[in-house]
Amino acid sequence: MGRNVRVLLVVSILFGVASGIYDFILPYYLEGQGLSFRSMGYLFACSTLAMFAVRIGLGNLADQWGSKRLYMLAVSSCALACLATPFTASLLLLILLKTLREVGVLARDTAHPLLLYAEGRSRFVDFIGKTRGVEFFFLAVGTWIAGMGIATVGDRYSLWLGAGALALAVLLMGFGVRSHEPARAHKSVSLRSLLNFDLPRNLRVIMVANFIFSVGLSTSHSFIMPLFFSQKFGESAATVSTVMTIHRLTSVLPLLLIGYLHLKHYKAVFIATVFLEGIAISAGALIPDFFWAAAIWLLHDLVGAGVWIPIQSAIIQDACREESRGLDLSKTLAFSALGGAIGPVLAGYLADISISAPFMVSGLLVALSAGVLTALRLRPGLGQEESAAPLAPVAVPAR
């Protein structure tokens, strides 16, 4: 493992800790500022719409600037959002800061695999697996720190701790990573070509399925996620942070082990695991006991996303056209994620009816998206050549 990969591994740890802190604390901070569920929903929705506006062009930006510069700018914007959020209760400013943070996360998700791929095509899957696995693990650590932080030093200082971790990550990137990506000629891309749906069939199928999935997942995996357990069962923020910590950990093991399973029936496994994820999410809303509701709900990543994320990634990469790989990928992910702007608003209205309603509707929509995936037509032998091509990022809202 070369120097760049080692540095990116440490950066992934710091980014994971900071993300875990920010994602857990923000809903409680917003609640403490007196924001209604509907206002929270609009805040999360606006940041998602902004992500769509920039997502398509990020691949081109990496080509022009280089992945290292894009990576450093991305992490810096996340640090600024963590640092500045505790200074305001203005909905408009909070929307701007949340948008700044989400755009930074998106840019980082674009630059991270590009830097790793430049380190060696043959070991890319190993590199991406290790860095993402470690990041997911430390997302859990950050969530636990956030829960303890709320109970001790408060949300402001906890967010500043996250900002400090991100600032350290920027320094490590600046002094520790040597960029040696090959020079690439920049191609101008028209607005029309960015926004049309000229994509291979499998990408269009995944785009539609992911749009429905994103509406569903973001209905539960947004501001409402920790508040559901606090308000329905009367649990403290520290107790809920334990559930959120385990939530972060459940996808780590399957992600790390998926390469050893030698799965052959990608389509069937993809459909089954997405469907099971939806069932587990809805079940959490129906069970009246806190322990069993949390336990069943926590299965959704263990039997779902932890398995299907790399499978979807391989299918997307296989479907992208070689001559327009970056554009195909960017458009698929951008249009897929648009559903994430609908879910938080839907959650805000549903939560006013019942705190359980967002989880119930979320799971049903996730399960429904599995039905769209039956239209996939995979080429024979897909799954036996993953090491020859980089895994595509996956269009999934922040978990």
# chains A, B, ... in the order shown; residues from 1 in each chain; ligands from 1
>>> residues_around(residues="Leu364 (chain A)", least_positions_apart="3", cutoff="7 Å", atoms="only C-alpha atoms", output="JSON list (two decimals) with C-alpha atoms, in the first residue's frame")
[["chain", "number", "residue", "atom", "x", "y", "z"],
["A", 278, "GLY", "CA", -37.48, -1.70, 2.65],
["A", 282, "SER", "CA", -41.16, -0.24, 7.65],
["A", 360, "MET", "CA", -43.54, 3.32, 7.27],
["A", 361, "VAL", "CA", -43.74, 5.20, 3.95],
["A", 367, "ALA", "CA", -39.36, -1.99, -1.42],
["A", 368, "LEU", "CA", -41.25, -0.62, -4.44]]
>>> residues_around(residues="Val215 (chain A)", least_positions_apart="3", cutoff="12 Å", atoms="only C-alpha atoms", output="ChimeraX atom specification")
/A:45,48,208-212,218-222,335-347,358-359,361-369,395-397
>>> residues_around(residues="Pro86 (chain A)", least_positions_apart="3", cutoff="12 Å", atoms="only C-alpha atoms", output="list in words")
Tyr22, Ile25, Leu26, Tyr28, Tyr29, Leu30, Gly32, Gln33, Leu80, Ala81, Cys82, Leu83, Ala89, Ser90, Leu93, Leu94, Leu97, Lys98, Gly154, Asp155, Arg156, Tyr157, Ser158, Leu159, Trp160, Leu161 and Ala163 of chain A
>>> write_last_selection(atoms="N, CA and C atoms", output="short mmCIF file (atom, residue, chain, number, x, y, z; two decimals), in the first residue's frame")
data_model
loop_
_atom_site.label_atom_id
_atom_site.label_comp_id
_atom_site.auth_asym_id
_atom_site.auth_seq_id
_atom_site.Cartn_x
_atom_site.Cartn_y
_atom_site.Cartn_z
N TYR A 22 -21.56 15.43 12.67
CA TYR A 22 -22.45 16.41 12.03
C TYR A 22 -23.83 15.82 11.77
N ILE A 25 -25.80 15.33 15.16
CA ILE A 25 -26.11 16.51 15.96
C ILE A 25 -27.05 17.47 15.25
N LEU A 26 -26.95 17.59 13.93
CA LEU A 26 -27.71 18.62 13.22
C LEU A 26 -29.21 18.58 13.53
N TYR A 28 -30.81 17.56 16.16
CA TYR A 28 -31.04 18.02 17.53
C TYR A 28 -30.77 19.54 17.64
N TYR A 29 -29.77 20.01 16.92
CA TYR A 29 -29.49 21.44 16.92
C TYR A 29 -30.67 22.21 16.32
N LEU A 30 -31.19 21.71 15.21
CA LEU A 30 -32.33 22.37 14.56
C LEU A 30 -33.55 22.36 15.48
N GLY A 32 -33.49 22.26 18.71
CA GLY A 32 -33.21 23.19 19.79
C GLY A 32 -33.41 24.65 19.38
N GLN A 33 -33.26 24.94 18.08
CA GLN A 33 -33.47 26.29 17.58
C GLN A 33 -34.94 26.58 17.29
N LEU A 80 -15.94 24.19 6.96
CA LEU A 80 -16.55 25.50 7.15
C LEU A 80 -18.00 25.37 7.62
N ALA A 81 -18.74 24.42 7.05
CA ALA A 81 -20.13 24.22 7.45
C ALA A 81 -20.23 23.79 8.90
N CYS A 82 -19.35 22.88 9.32
CA CYS A 82 -19.34 22.42 10.73
C CYS A 82 -19.00 23.57 11.67
N LEU A 83 -18.05 24.39 11.26
CA LEU A 83 -17.59 25.49 12.10
C LEU A 83 -18.66 26.57 12.26
N ALA A 89 -29.22 30.68 13.77
CA ALA A 89 -30.50 29.97 13.85
C ALA A 89 -31.37 30.35 12.66
N SER A 90 -30.83 31.16 11.74
CA SER A 90 -31.57 31.59 10.55
C SER A 90 -31.77 30.42 9.60
N LEU A 93 -29.69 30.88 6.35
CA LEU A 93 -28.26 30.61 6.53
C LEU A 93 -27.99 29.13 6.78
N LEU A 94 -28.87 28.49 7.52
CA LEU A 94 -28.71 27.06 7.77
C LEU A 94 -28.84 26.26 6.46
N LEU A 97 -25.54 26.74 4.62
CA LEU A 97 -24.46 25.96 5.22
C LEU A 97 -24.64 24.46 4.98
N LYS A 98 -25.87 23.98 5.09
CA LYS A 98 -26.15 22.57 4.80
C LYS A 98 -25.84 22.26 3.34
N GLY A 154 -22.09 19.84 24.79
CA GLY A 154 -23.11 20.51 23.98
C GLY A 154 -22.86 20.37 22.49
N ASP A 155 -23.89 20.73 21.70
CA ASP A 155 -23.78 20.52 20.26
C ASP A 155 -22.78 21.44 19.59
N ARG A 156 -22.63 22.68 20.09
CA ARG A 156 -21.70 23.62 19.45
C ARG A 156 -20.28 23.10 19.46
N TYR A 157 -19.78 22.71 20.64
CA TYR A 157 -18.40 22.25 20.73
C TYR A 157 -18.20 20.91 20.01
N SER A 158 -19.23 20.11 19.96
CA SER A 158 -19.13 18.85 19.23
C SER A 158 -18.96 19.10 17.74
N LEU A 159 -19.73 20.05 17.20
CA LEU A 159 -19.59 20.41 15.79
C LEU A 159 -18.21 20.99 15.51
N TRP A 160 -17.70 21.77 16.43
CA TRP A 160 -16.36 22.34 16.24
C TRP A 160 -15.28 21.25 16.28
N LEU A 161 -15.52 20.22 17.07
CA LEU A 161 -14.59 19.08 17.05
C LEU A 161 -14.55 18.45 15.66
N ALA A 163 -15.22 19.99 12.86
CA ALA A 163 -14.52 20.93 11.98
C ALA A 163 -13.01 20.80 12.13
#
>>> residues_around(residues="Arg178 (chain A)", least_positions_apart="6", cutoff="10 Å", atoms="only C-alpha atoms", output="NGL selection string")
:A and (3-4 or 7 or 68 or 115)
>>> atom_distance(atom1="CA of Pro27 (chain A)", atom2="CA of Met225 (chain A)")
8.6 Å
>>> closest_residue(among="A:Met40, A:Leu333, A:Val303, A:Ala79", to="Leu168 (chain A)", atoms="only C-alpha atoms")
A:Ala79
>>> atom_distance(atom1="CA of Phe228 (chain A)", atom2="CA of Ala285 (chain A)")
9.0 Å
>>> closest_residue(among="A:Leu166, A:Pro200, A:Leu376, A:Gly176", to="Ile271 (chain A)", atoms="only C-alpha atoms")
A:Leu376
>>> closest_residue(among="A:Leu276, A:Ile316, A:Val103, A:Leu139", to="Phe24 (chain A)", atoms="only C-alpha atoms")
A:Leu139
>>> select_by_dssp(residues="region 117-329 of chain A", states="helix (DSSP H, G or I)", output="VMD selection string")
chain A and resid 117 to 118 121 to 152 155 to 176 191 to 195 201 to 220 224 to 233 237 to 250 252 to 260 266 to 286 290 to 297 299 to 319 322 to 329
